[in-house]
Amino acid sequence: MPPPNFQLSNCQGRKRALLIGINYFNTSAELKGCINDVHNMKDFLITLYGFRADDMVILTDDQNNPKSLPTKRNIIEAMKWLVRDARPNDSGHGGRMKDYDGDEDDGYDETIYPVDHATYGQIVDDMMHDIMVRPLPPGCRLTAIFDSCHSGTALDLPYIYSTQGAIKEHSLLKSAGNVLKDAGKAYISGNGPRAISSVMSLASGLLTGKMSSAQNAKVKQMKSSPADVIMFSGCKDAQTSADTTENGRSTGAMSYAITTSLRANKHQSYIQLLKSVRGILYQKYQQRPQLSASHPMDVNLMFII
């Protein structure tokens, strides 16, 4: 099956940014650096990449305005705003989405925890993909940074790259959830044979421990996009992302590493940036940042936003 049709963005159009930081004040899982990271990322985008404060939506749990709190409803509405009326060469940035205490392993949806998750629930990766990736037109860029636990495939992008620039094999367990969802939808719609075929195909893969080339191709076809979507995540799906202190200031380790790297050298390729961020984190942390995309990419191209 050929790669999906897609169009790269030159990021010279309109720019928008959505920044979310949740410290979960007065809870057993209170964090220290998430809100600091939002302010750091805001300054970073304005000074290095020409974003305007008026074109940003900032949701943090230290604000008095109810519309600026990172509730599930506000986060979903902000995600919709980020991609609304998107055009070719527009550039959107979604950054610093910190989860509460995610414990999902591969094979389950990656999630983020709004400040009101105990009442209204989490926001799963499928929903984020449907809101922020699927509606984008060809040539529109979305750059997402997830500095959160278990965030390796948080936007369900199908092309995951190693530091050698090679595409990693898609996780069989991760795709199993998507196959089962498809089977359920087929069964409900009355297409029993398709549902049975999907489950049998999955069972065969689970028994061998490998995805067939056809299964890999199906996952890529389902989750690819004609737009230009790039994501840096703070760790692999099975890892946690550190809430730490750097230079006397509370911060997320991934947020600190990527802004530090680009402030030192703005002119890096995607693979150079991935290696640089990993190098910064390797000195003190076990987490391994991930680079993924909605399309096959030349990792030697210069990083733009």
# chains A, B, ... in the order shown; residues from 1 in each chain; ligands from 1

call {"tool": "residues_around", "arguments": {"residues": "A:Gln122", "least_positions_apart": "2", "cutoff": "6 Å", "atoms": "only C-alpha atoms", "output": "CSV table (one decimal) with N, CA, C and O atoms, in the first residue's frame"}}
result
chain,number,residue,atom,x,y,z
A,112,ILE,N,-5.1,12.1,28.8
A,112,ILE,CA,-4.8,13.2,29.7
A,112,ILE,C,-5.9,13.4,30.7
A,112,ILE,O,-7.1,13.1,30.4
A,113,TYR,N,-5.5,13.9,31.8
A,113,TYR,CA,-6.5,14.1,32.9
A,113,TYR,C,-6.8,15.6,33.1
A,113,TYR,O,-6.0,16.3,33.7
A,117,HIS,N,-11.3,15.6,36.1
A,117,HIS,CA,-11.4,14.3,35.6
A,117,HIS,C,-12.2,13.3,36.5
A,117,HIS,O,-12.8,12.4,36.1

call {"tool": "closest_residue", "arguments": {"among": "A:Asn65, A:Thr111, A:Ser276, A:Ser224", "to": "A:Met297", "atoms": "only C-alpha atoms"}}
result
A:Ser224

call {"tool": "select_by_dssp", "arguments": {"residues": "stretch 32-71 of chain A", "states": "strand (DSSP E)", "output": "ChimeraX atom specification"}}
result
/A:56-60

call {"tool": "residues_around", "arguments": {"residues": "A:Ser255", "least_positions_apart": "2", "cutoff": "12 Å", "atoms": "only C-alpha atoms", "output": "count of residues only"}}
result
47

call {"tool": "residues_around", "arguments": {"residues": "A:Thr163", "least_positions_apart": "4", "cutoff": "12 Å", "atoms": "only C-alpha atoms", "output": "mmCIF file with all heavy atoms, in the first residue's frame"}}
result
data_model
loop_
_atom_site.group_PDB
_atom_site.id
_atom_site.type_symbol
_atom_site.label_atom_id
_atom_site.label_comp_id
_atom_site.auth_asym_id
_atom_site.auth_seq_id
_atom_site.Cartn_x
_atom_site.Cartn_y
_atom_site.Cartn_z
ATOM 1 N N ILE A 167 11.754 4.099 10.970
ATOM 2 C CA ILE A 167 10.390 3.974 11.483
ATOM 3 C C ILE A 167 10.309 2.747 12.371
ATOM 4 O O ILE A 167 10.695 1.643 11.982
ATOM 5 C CB ILE A 167 9.373 3.857 10.327
ATOM 6 C CG1 ILE A 167 9.407 5.124 9.457
ATOM 7 C CG2 ILE A 167 7.966 3.626 10.862
ATOM 8 C CD1 ILE A 167 8.523 5.040 8.233
ATOM 9 N N LYS A 168 9.805 2.939 13.573
ATOM 10 C CA LYS A 168 9.638 1.823 14.492
ATOM 11 C C LYS A 168 8.400 1.023 14.112
ATOM 12 O O LYS A 168 7.417 1.566 13.621
ATOM 13 C CB LYS A 168 9.485 2.326 15.935
ATOM 14 C CG LYS A 168 10.710 3.051 16.470
ATOM 15 C CD LYS A 168 10.481 3.468 17.910
ATOM 16 C CE LYS A 168 11.687 4.185 18.480
ATOM 17 N NZ LYS A 168 11.475 4.566 19.901
ATOM 18 N N SER A 269 17.802 19.875 12.630
ATOM 19 C CA SER A 269 16.880 18.979 11.944
ATOM 20 C C SER A 269 16.038 18.257 12.991
ATOM 21 O O SER A 269 16.329 18.298 14.191
ATOM 22 C CB SER A 269 17.645 17.962 11.095
ATOM 23 O OG SER A 269 18.361 17.067 11.954
ATOM 24 N N TYR A 270 14.996 17.577 12.529
ATOM 25 C CA TYR A 270 14.136 16.851 13.462
ATOM 26 C C TYR A 270 14.929 15.782 14.216
ATOM 27 O O TYR A 270 14.762 15.607 15.427
ATOM 28 C CB TYR A 270 12.961 16.218 12.711
ATOM 29 C CG TYR A 270 11.985 17.234 12.197
ATOM 30 C CD1 TYR A 270 12.098 17.742 10.903
ATOM 31 C CD2 TYR A 270 10.971 17.721 13.006
ATOM 32 C CE1 TYR A 270 11.211 18.694 10.428
ATOM 33 C CE2 TYR A 270 10.084 18.681 12.543
ATOM 34 C CZ TYR A 270 10.213 19.161 11.261
ATOM 35 O OH TYR A 270 9.345 20.124 10.799
ATOM 36 N N ILE A 271 15.792 15.079 13.509
ATOM 37 C CA ILE A 271 16.550 14.008 14.159
ATOM 38 C C ILE A 271 17.598 14.594 15.108
ATOM 39 O O ILE A 271 17.862 14.038 16.182
ATOM 40 C CB ILE A 271 17.187 13.072 13.102
ATOM 41 C CG1 ILE A 271 17.642 11.771 13.757
ATOM 42 C CG2 ILE A 271 18.329 13.759 12.381
ATOM 43 C CD1 ILE A 271 16.521 10.904 14.239
ATOM 44 N N GLN A 272 18.197 15.725 14.729
ATOM 45 C CA GLN A 272 19.149 16.379 15.628
ATOM 46 C C GLN A 272 18.458 16.847 16.896
ATOM 47 O O GLN A 272 19.004 16.708 17.999
ATOM 48 C CB GLN A 272 19.819 17.562 14.915
ATOM 49 C CG GLN A 272 20.832 17.174 13.861
ATOM 50 C CD GLN A 272 21.315 18.381 13.054
ATOM 51 O OE1 GLN A 272 20.588 19.369 12.889
ATOM 52 N NE2 GLN A 272 22.537 18.297 12.541
ATOM 53 N N LEU A 273 17.243 17.376 16.749
ATOM 54 C CA LEU A 273 16.504 17.843 17.920
ATOM 55 C C LEU A 273 16.136 16.677 18.826
ATOM 56 O O LEU A 273 16.260 16.769 20.048
ATOM 57 C CB LEU A 273 15.248 18.595 17.473
ATOM 58 C CG LEU A 273 14.357 19.145 18.585
ATOM 59 C CD1 LEU A 273 15.128 20.075 19.515
ATOM 60 C CD2 LEU A 273 13.138 19.865 17.993
ATOM 61 N N LEU A 274 15.682 15.568 18.238
ATOM 62 C CA LEU A 274 15.356 14.390 19.049
ATOM 63 C C LEU A 274 16.584 13.905 19.811
ATOM 64 O O LEU A 274 16.507 13.618 21.021
ATOM 65 C CB LEU A 274 14.813 13.278 18.153
ATOM 66 C CG LEU A 274 14.462 11.959 18.858
ATOM 67 C CD1 LEU A 274 13.356 12.162 19.887
ATOM 68 C CD2 LEU A 274 14.067 10.886 17.838
ATOM 69 N N LYS A 275 17.715 13.833 19.139
ATOM 70 C CA LYS A 275 18.941 13.381 19.805
ATOM 71 C C LYS A 275 19.384 14.370 20.875
ATOM 72 O O LYS A 275 19.842 13.970 21.955
ATOM 73 C CB LYS A 275 20.057 13.194 18.771
ATOM 74 C CG LYS A 275 19.850 12.005 17.850
ATOM 75 C CD LYS A 275 20.994 11.890 16.845
ATOM 76 C CE LYS A 275 20.829 10.672 15.953
ATOM 77 N NZ LYS A 275 21.938 10.561 14.957
ATOM 78 N N SER A 276 19.252 15.660 20.593
ATOM 79 C CA SER A 276 19.657 16.681 21.555
ATOM 80 C C SER A 276 18.809 16.606 22.817
ATOM 81 O O SER A 276 19.330 16.644 23.943
ATOM 82 C CB SER A 276 19.532 18.072 20.922
ATOM 83 O OG SER A 276 19.748 19.086 21.878
ATOM 84 N N VAL A 277 17.493 16.491 22.639
ATOM 85 C CA VAL A 277 16.590 16.406 23.787
ATOM 86 C C VAL A 277 16.870 15.148 24.592
ATOM 87 O O VAL A 277 16.914 15.167 25.832
ATOM 88 C CB VAL A 277 15.120 16.443 23.314
ATOM 89 C CG1 VAL A 277 14.166 16.086 24.445
ATOM 90 C CG2 VAL A 277 14.787 17.826 22.759
ATOM 91 N N ARG A 278 17.076 14.050 23.896
ATOM 92 C CA ARG A 278 17.411 12.803 24.605
ATOM 93 C C ARG A 278 18.724 12.937 25.360
ATOM 94 O O ARG A 278 18.871 12.428 26.471
ATOM 95 C CB ARG A 278 17.494 11.634 23.618
ATOM 96 C CG ARG A 278 16.139 11.108 23.190
ATOM 97 C CD ARG A 278 16.250 9.734 22.580
ATOM 98 N NE ARG A 278 14.939 9.133 22.342
ATOM 99 C CZ ARG A 278 14.765 7.868 21.995
ATOM 100 N NH1 ARG A 278 15.820 7.074 21.856
ATOM 101 N NH2 ARG A 278 13.563 7.384 21.801
ATOM 102 N N GLY A 279 19.683 13.626 24.746
ATOM 103 C CA GLY A 279 20.974 13.813 25.402
ATOM 104 C C GLY A 279 20.854 14.631 26.678
ATOM 105 O O GLY A 279 21.495 14.325 27.687
ATOM 106 N N ARG A 288 12.570 8.414 27.730
ATOM 107 C CA ARG A 288 13.108 8.536 26.380
ATOM 108 C C ARG A 288 12.088 9.228 25.484
ATOM 109 O O ARG A 288 11.090 8.633 25.095
ATOM 110 C CB ARG A 288 13.447 7.140 25.818
ATOM 111 C CG ARG A 288 14.535 6.417 26.588
ATOM 112 C CD ARG A 288 15.889 7.096 26.390
ATOM 113 N NE ARG A 288 16.937 6.477 27.197
ATOM 114 C CZ ARG A 288 17.320 6.907 28.396
ATOM 115 N NH1 ARG A 288 16.724 7.975 28.934
ATOM 116 N NH2 ARG A 288 18.276 6.300 29.058
ATOM 117 N N PRO A 289 12.319 10.497 25.156
ATOM 118 C CA PRO A 289 11.378 11.237 24.299
ATOM 119 C C PRO A 289 11.178 10.552 22.954
ATOM 120 O O PRO A 289 12.079 9.872 22.441
ATOM 121 C CB PRO A 289 12.050 12.591 24.127
ATOM 122 C CG PRO A 289 12.957 12.714 25.298
ATOM 123 C CD PRO A 289 13.450 11.327 25.580
ATOM 124 N N GLN A 290 9.983 10.750 22.380
ATOM 125 C CA GLN A 290 9.614 10.112 21.122
ATOM 126 C C GLN A 290 9.253 11.171 20.082
ATOM 127 O O GLN A 290 8.722 12.228 20.406
ATOM 128 C CB GLN A 290 8.409 9.192 21.337
ATOM 129 C CG GLN A 290 8.600 8.143 22.425
ATOM 130 C CD GLN A 290 9.632 7.101 22.046
ATOM 131 O OE1 GLN A 290 9.458 6.375 21.075
ATOM 132 N NE2 GLN A 290 10.719 7.033 22.795
ATOM 133 N N LEU A 291 9.539 10.841 18.824
ATOM 134 C CA LEU A 291 9.153 11.671 17.690
ATOM 135 C C LEU A 291 8.216 10.867 16.809
ATOM 136 O O LEU A 291 8.540 9.745 16.405
ATOM 137 C CB LEU A 291 10.390 12.087 16.885
ATOM 138 C CG LEU A 291 10.146 12.732 15.506
ATOM 139 C CD1 LEU A 291 9.402 14.045 15.637
ATOM 140 C CD2 LEU A 291 11.476 12.922 14.766
ATOM 141 N N SER A 292 7.039 11.416 16.533
ATOM 142 C CA SER A 292 6.097 10.716 15.660
ATOM 143 C C SER A 292 5.460 11.702 14.694
ATOM 144 O O SER A 292 5.511 12.921 14.893
ATOM 145 C CB SER A 292 5.030 9.985 16.476
ATOM 146 O OG SER A 292 4.325 10.878 17.318
ATOM 147 N N VAL A 299 13.566 12.978 8.300
ATOM 148 C CA VAL A 299 13.954 13.492 9.615
ATOM 149 C C VAL A 299 15.167 14.414 9.532
ATOM 150 O O VAL A 299 15.546 15.030 10.530
ATOM 151 C CB VAL A 299 14.224 12.345 10.598
ATOM 152 C CG1 VAL A 299 12.941 11.570 10.884
ATOM 153 C CG2 VAL A 299 15.303 11.409 10.071
ATOM 154 N N ASN A 300 15.771 14.519 8.359
ATOM 155 C CA ASN A 300 16.915 15.414 8.184
ATOM 156 C C ASN A 300 16.493 16.820 7.738
ATOM 157 O O ASN A 300 17.357 17.691 7.608
ATOM 158 C CB ASN A 300 17.915 14.807 7.189
ATOM 159 C CG ASN A 300 18.560 13.566 7.720
ATOM 160 O OD1 ASN A 300 19.143 13.561 8.812
ATOM 161 N ND2 ASN A 300 18.466 12.460 6.988
#

call {"tool": "closest_residue", "arguments": {"among": "A:Asp62, A:Pro296, A:Thr71, A:Lys15", "to": "A:Ile160", "atoms": "only C-alpha atoms"}}
result
A:Pro296

call {"tool": "residues_around", "arguments": {"residues": "A:Pro226", "least_positions_apart": "3", "cutoff": "12 Å", "atoms": "only C-alpha atoms", "output": "list in words"}}
result
Pro3, Pro4, Asn5, Phe6, Gln7, Leu8, Ser9, Pro88, Val133, Arg134, Pro135, Leu136, Pro137, Pro138, Gly139, Cys140, Arg141, Leu142, Gln221, Met222, Lys223, Val229, Ala293, Ser294, His295 and Pro296 of chain A

call {"tool": "decode", "arguments": {"residues": "stretch 280-293 of chain A", "atoms": "all heavy atoms", "output": "mmCIF file, in the first residue's frame"}}
result
data_model
loop_
_atom_site.group_PDB
_atom_site.id
_atom_site.type_symbol
_atom_site.label_atom_id
_atom_site.label_comp_id
_atom_site.auth_asym_id
_atom_site.auth_seq_id
_atom_site.Cartn_x
_atom_site.Cartn_y
_atom_site.Cartn_z
ATOM 1 N N ILE A 280 20.047 15.677 26.642
ATOM 2 C CA ILE A 280 19.844 16.507 27.833
ATOM 3 C C ILE A 280 19.192 15.687 28.943
ATOM 4 O O ILE A 280 19.590 15.750 30.116
ATOM 5 C CB ILE A 280 18.987 17.738 27.485
ATOM 6 C CG1 ILE A 280 19.767 18.682 26.567
ATOM 7 C CG2 ILE A 280 18.545 18.476 28.751
ATOM 8 C CD1 ILE A 280 18.933 19.820 25.993
ATOM 9 N N LEU A 281 18.187 14.904 28.592
ATOM 10 C CA LEU A 281 17.455 14.136 29.599
ATOM 11 C C LEU A 281 18.254 12.939 30.103
ATOM 12 O O LEU A 281 18.120 12.533 31.262
ATOM 13 C CB LEU A 281 16.120 13.650 29.020
ATOM 14 C CG LEU A 281 15.100 14.743 28.728
ATOM 15 C CD1 LEU A 281 13.879 14.153 28.048
ATOM 16 C CD2 LEU A 281 14.691 15.447 30.017
ATOM 17 N N TYR A 282 19.088 12.365 29.236
ATOM 18 C CA TYR A 282 19.830 11.157 29.591
ATOM 19 C C TYR A 282 20.735 11.361 30.796
ATOM 20 O O TYR A 282 21.010 10.427 31.544
ATOM 21 C CB TYR A 282 20.662 10.689 28.386
ATOM 22 C CG TYR A 282 21.403 9.396 28.614
ATOM 23 C CD1 TYR A 282 20.725 8.174 28.565
ATOM 24 C CD2 TYR A 282 22.777 9.383 28.877
ATOM 25 C CE1 TYR A 282 21.398 6.985 28.773
ATOM 26 C CE2 TYR A 282 23.455 8.197 29.085
ATOM 27 C CZ TYR A 282 22.760 6.997 29.032
ATOM 28 O OH TYR A 282 23.420 5.811 29.251
ATOM 29 N N GLN A 283 21.165 12.590 31.005
ATOM 30 C CA GLN A 283 22.082 12.875 32.108
ATOM 31 C C GLN A 283 21.437 12.621 33.472
ATOM 32 O O GLN A 283 22.121 12.274 34.429
ATOM 33 C CB GLN A 283 22.542 14.331 32.024
ATOM 34 C CG GLN A 283 23.225 14.691 30.712
ATOM 35 C CD GLN A 283 23.430 16.197 30.561
ATOM 36 O OE1 GLN A 283 23.680 16.889 31.540
ATOM 37 N NE2 GLN A 283 23.314 16.703 29.346
ATOM 38 N N LYS A 284 20.102 12.781 33.566
ATOM 39 C CA LYS A 284 19.453 12.701 34.879
ATOM 40 C C LYS A 284 18.195 11.832 34.914
ATOM 41 O O LYS A 284 17.744 11.467 36.005
ATOM 42 C CB LYS A 284 19.069 14.111 35.356
ATOM 43 C CG LYS A 284 20.242 15.029 35.612
ATOM 44 C CD LYS A 284 19.793 16.452 35.912
ATOM 45 C CE LYS A 284 18.944 16.559 37.157
ATOM 46 N NZ LYS A 284 18.597 17.974 37.475
ATOM 47 N N TYR A 285 17.618 11.500 33.761
ATOM 48 C CA TYR A 285 16.307 10.863 33.750
ATOM 49 C C TYR A 285 16.307 9.609 32.880
ATOM 50 O O TYR A 285 17.095 9.488 31.946
ATOM 51 C CB TYR A 285 15.243 11.843 33.230
ATOM 52 C CG TYR A 285 15.271 13.176 33.925
ATOM 53 C CD1 TYR A 285 15.858 14.290 33.319
ATOM 54 C CD2 TYR A 285 14.754 13.335 35.212
ATOM 55 C CE1 TYR A 285 15.912 15.519 33.961
ATOM 56 C CE2 TYR A 285 14.798 14.554 35.861
ATOM 57 C CZ TYR A 285 15.384 15.648 35.237
ATOM 58 O OH TYR A 285 15.444 16.853 35.881
ATOM 59 N N GLN A 286 15.399 8.696 33.177
ATOM 60 C CA GLN A 286 15.290 7.447 32.425
ATOM 61 C C GLN A 286 14.336 7.555 31.242
ATOM 62 O O GLN A 286 14.365 6.715 30.348
ATOM 63 C CB GLN A 286 14.833 6.318 33.352
ATOM 64 C CG GLN A 286 15.854 5.948 34.418
ATOM 65 C CD GLN A 286 15.424 4.735 35.225
ATOM 66 O OE1 GLN A 286 14.247 4.415 35.298
ATOM 67 N NE2 GLN A 286 16.388 4.061 35.823
ATOM 68 N N GLN A 287 13.501 8.581 31.212
ATOM 69 C CA GLN A 287 12.518 8.699 30.140
ATOM 70 C C GLN A 287 13.196 8.927 28.796
ATOM 71 O O GLN A 287 14.249 9.553 28.704
ATOM 72 C CB GLN A 287 11.541 9.833 30.444
ATOM 73 C CG GLN A 287 12.173 11.229 30.431
ATOM 74 C CD GLN A 287 11.279 12.277 31.068
ATOM 75 O OE1 GLN A 287 11.135 12.304 32.281
ATOM 76 N NE2 GLN A 287 10.694 13.145 30.243
ATOM 77 N N ARG A 288 12.570 8.414 27.730
ATOM 78 C CA ARG A 288 13.108 8.536 26.380
ATOM 79 C C ARG A 288 12.088 9.228 25.484
ATOM 80 O O ARG A 288 11.090 8.633 25.095
ATOM 81 C CB ARG A 288 13.447 7.140 25.818
ATOM 82 C CG ARG A 288 14.535 6.417 26.588
ATOM 83 C CD ARG A 288 15.889 7.096 26.390
ATOM 84 N NE ARG A 288 16.937 6.477 27.197
ATOM 85 C CZ ARG A 288 17.320 6.907 28.396
ATOM 86 N NH1 ARG A 288 16.724 7.975 28.934
ATOM 87 N NH2 ARG A 288 18.276 6.300 29.058
ATOM 88 N N PRO A 289 12.319 10.497 25.156
ATOM 89 C CA PRO A 289 11.378 11.237 24.299
ATOM 90 C C PRO A 289 11.178 10.552 22.954
ATOM 91 O O PRO A 289 12.079 9.872 22.441
ATOM 92 C CB PRO A 289 12.050 12.591 24.127
ATOM 93 C CG PRO A 289 12.957 12.714 25.298
ATOM 94 C CD PRO A 289 13.450 11.327 25.580
ATOM 95 N N GLN A 290 9.983 10.750 22.380
ATOM 96 C CA GLN A 290 9.614 10.112 21.122
ATOM 97 C C GLN A 290 9.253 11.171 20.082
ATOM 98 O O GLN A 290 8.722 12.228 20.406
ATOM 99 C CB GLN A 290 8.409 9.192 21.337
ATOM 100 C CG GLN A 290 8.600 8.143 22.425
ATOM 101 C CD GLN A 290 9.632 7.101 22.046
ATOM 102 O OE1 GLN A 290 9.458 6.375 21.075
ATOM 103 N NE2 GLN A 290 10.719 7.033 22.795
ATOM 104 N N LEU A 291 9.539 10.841 18.824
ATOM 105 C CA LEU A 291 9.153 11.671 17.690
ATOM 106 C C LEU A 291 8.216 10.867 16.809
ATOM 107 O O LEU A 291 8.540 9.745 16.405
ATOM 108 C CB LEU A 291 10.390 12.087 16.885
ATOM 109 C CG LEU A 291 10.146 12.732 15.506
ATOM 110 C CD1 LEU A 291 9.402 14.045 15.637
ATOM 111 C CD2 LEU A 291 11.476 12.922 14.766
ATOM 112 N N SER A 292 7.039 11.416 16.533
ATOM 113 C CA SER A 292 6.097 10.716 15.660
ATOM 114 C C SER A 292 5.460 11.702 14.694
ATOM 115 O O SER A 292 5.511 12.921 14.893
ATOM 116 C CB SER A 292 5.030 9.985 16.476
ATOM 117 O OG SER A 292 4.325 10.878 17.318
ATOM 118 N N ALA A 293 4.853 11.166 13.631
ATOM 119 C CA ALA A 293 4.283 12.011 12.583
ATOM 120 C C ALA A 293 3.067 11.338 11.975
ATOM 121 O O ALA A 293 2.871 10.127 12.089
ATOM 122 C CB ALA A 293 5.328 12.287 11.502
#
